[in-house]
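Inspection log for the structure reproduced underneath, given as structure tokens.
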Amino acid sequence: DMWRGYGGNGTGICIGFDFDKVPVFYVSNEGKRLIMEDCYKFETCRYERAEDINIPENLIQETYDAVTNPMSGCISDTIARAGILARITRESAIHKHVAYISEDEIRMIVPSNGEVFHNKIGSFIKPYVKYEIPISTITDITIGPCIKNSDHIQSIVRMNEKKLGPKVDIKYSSIPYRG
């Protein structure tokens, strides 16, 4: 149940985006410089048991070669290591344990050299990089199944009218909460 795991136990909202309108570059928080990003990609998660994950053989060999035969200080060595790290990062971002297969998750992978921030989620510290998505790309808001208080609902409606306008559809979750 996605509302239980990611939607504030059914009291959150789900925001839909039109990713065809999301730019591949953005202005930094300071508004002083333009930050270029490689084009993001959508990747379907692979759900596997840890022991069944198949790491590409050439990635293992390239990693081994880079570690055991460094050409210290060479630009080509630095570029090669960055490429290997990018491949390892991409592979690690799309694997999830088979227990989560019902999520059928698609992840937006954004290569970035941006500043790394951290969130404390329970007892886990989770790193993340900010990627600003313009509010003009928001297409809809789904209200969680446990939001019953009319004040909360009206607050969401008012925020939508003030910040987003009538083009954003507000709807209630058709999926009931399973706690």
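Within each chain, counting starts at residue 1; across the structure tokens, chains are named A, B, ... in the order shown, with ligands numbered 1 upward in that order.
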Counting only C-alpha atoms, what is within 12 Å of A:Leu59, bar same-chain residues fewer than 6 positions away, as a list in words?
Asp65, Ala66, Ala80, Arg81, Gly83, Ile84, Leu85, Ala86, Arg87, Ile88, Thr89, Arg90 and Glu91 of chain A
Leaving out stretch 96-98 of chain A and any residue of its chain fewer than 2 positions from it, which residues lie within 8 Å of it when counting only C-alpha atoms, given as a PyMOL selection string?
chain A and resi 45-50+94+100-101
Dump of C-alpha atoms for the selected residues, as a CSV table (one decimal), in the first residue's frame:
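Output file selection14.csv follows:
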```
chain,number,residue,atom,x,y,z
A,45,CYS,CA,13.1,-0.5,-10.9
A,46,ARG,CA,14.3,-4.1,-11.0
A,47,TYR,CA,12.9,-6.2,-8.1
A,48,GLU,CA,15.3,-8.9,-7.1
A,49,ARG,CA,16.6,-10.7,-4.1
A,50,ALA,CA,20.1,-9.4,-3.2
A,94,ILE,CA,17.3,0.9,-9.9
A,100,TYR,CA,8.5,-4.2,-2.9
A,101,ILE,CA,7.5,-5.4,-6.3
```
Give the strand (DSSP E or B) residues of stretch 47-146 of chain A, as DSSP finds them on the backbone, and put them as a ChimeraX atom specification.
/A:47-48,95-97,106-109,116-121,124-129,138-143
Save out the residues we just selected, C-alpha atoms, as a PDB file, in the first residue's frame.
```pdb
ATOM      1  CA  TYR A  47      12.924  -6.166  -8.103  1.00  0.00           C
ATOM      2  CA  GLU A  48      15.301  -8.924  -7.070  1.00  0.00           C
ATOM      3  CA  HIS A  95      17.533  -2.223  -7.820  1.00  0.00           C
ATOM      4  CA  LYS A  96      15.009  -2.891  -5.056  1.00  0.00           C
ATOM      5  CA  HIS A  97      14.236  -5.918  -2.954  1.00  0.00           C
ATOM      6  CA  ILE A 106       9.784   4.099 -12.031  1.00  0.00           C
ATOM      7  CA  ARG A 107      12.571   6.380 -10.858  1.00  0.00           C
ATOM      8  CA  MET A 108      13.724   9.672 -12.307  1.00  0.00           C
ATOM      9  CA  ILE A 109      17.510   9.406 -12.453  1.00  0.00           C
ATOM     10  CA  VAL A 116      24.429  16.706  -1.222  1.00  0.00           C
ATOM     11  CA  PHE A 117      21.849  17.285   1.530  1.00  0.00           C
ATOM     12  CA  HIS A 118      20.577  14.798   4.114  1.00  0.00           C
ATOM     13  CA  ASN A 119      17.198  13.911   5.627  1.00  0.00           C
ATOM     14  CA  LYS A 120      16.718  11.893   8.789  1.00  0.00           C
ATOM     15  CA  ILE A 121      13.964   9.366   8.166  1.00  0.00           C
ATOM     16  CA  PHE A 124      18.166   6.327   8.663  1.00  0.00           C
ATOM     17  CA  ILE A 125      20.108   9.285   7.213  1.00  0.00           C
ATOM     18  CA  LYS A 126      19.189   9.603   3.525  1.00  0.00           C
ATOM     19  CA  PRO A 127      21.341  11.687   1.157  1.00  0.00           C
ATOM     20  CA  TYR A 128      19.719  13.610  -1.703  1.00  0.00           C
ATOM     21  CA  VAL A 129      20.475  16.262  -4.307  1.00  0.00           C
ATOM     22  CA  ILE A 138       2.155  19.932 -11.900  1.00  0.00           C
ATOM     23  CA  THR A 139      -0.869  18.283 -13.531  1.00  0.00           C
ATOM     24  CA  ASP A 140      -2.895  16.911 -10.622  1.00  0.00           C
ATOM     25  CA  ILE A 141      -3.086  16.414  -6.878  1.00  0.00           C
ATOM     26  CA  THR A 142      -4.513  13.260  -5.329  1.00  0.00           C
ATOM     27  CA  ILE A 143      -5.732  13.595  -1.754  1.00  0.00           C
TER      28      ILE A 143
END
```
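Computed from the coordinates, the atom CA of A:Tyr40 to atom CA of A:Ala82 distance equals 17.5 Å.
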Among stretch 105-157 of chain A, which residues does DSSP mark as helix (DSSP H, G or I) when it is run on the backbone? Keep the chain and numbering as in the structure and answer as a ChimeraX atom specification.
/A:135-137,150-157
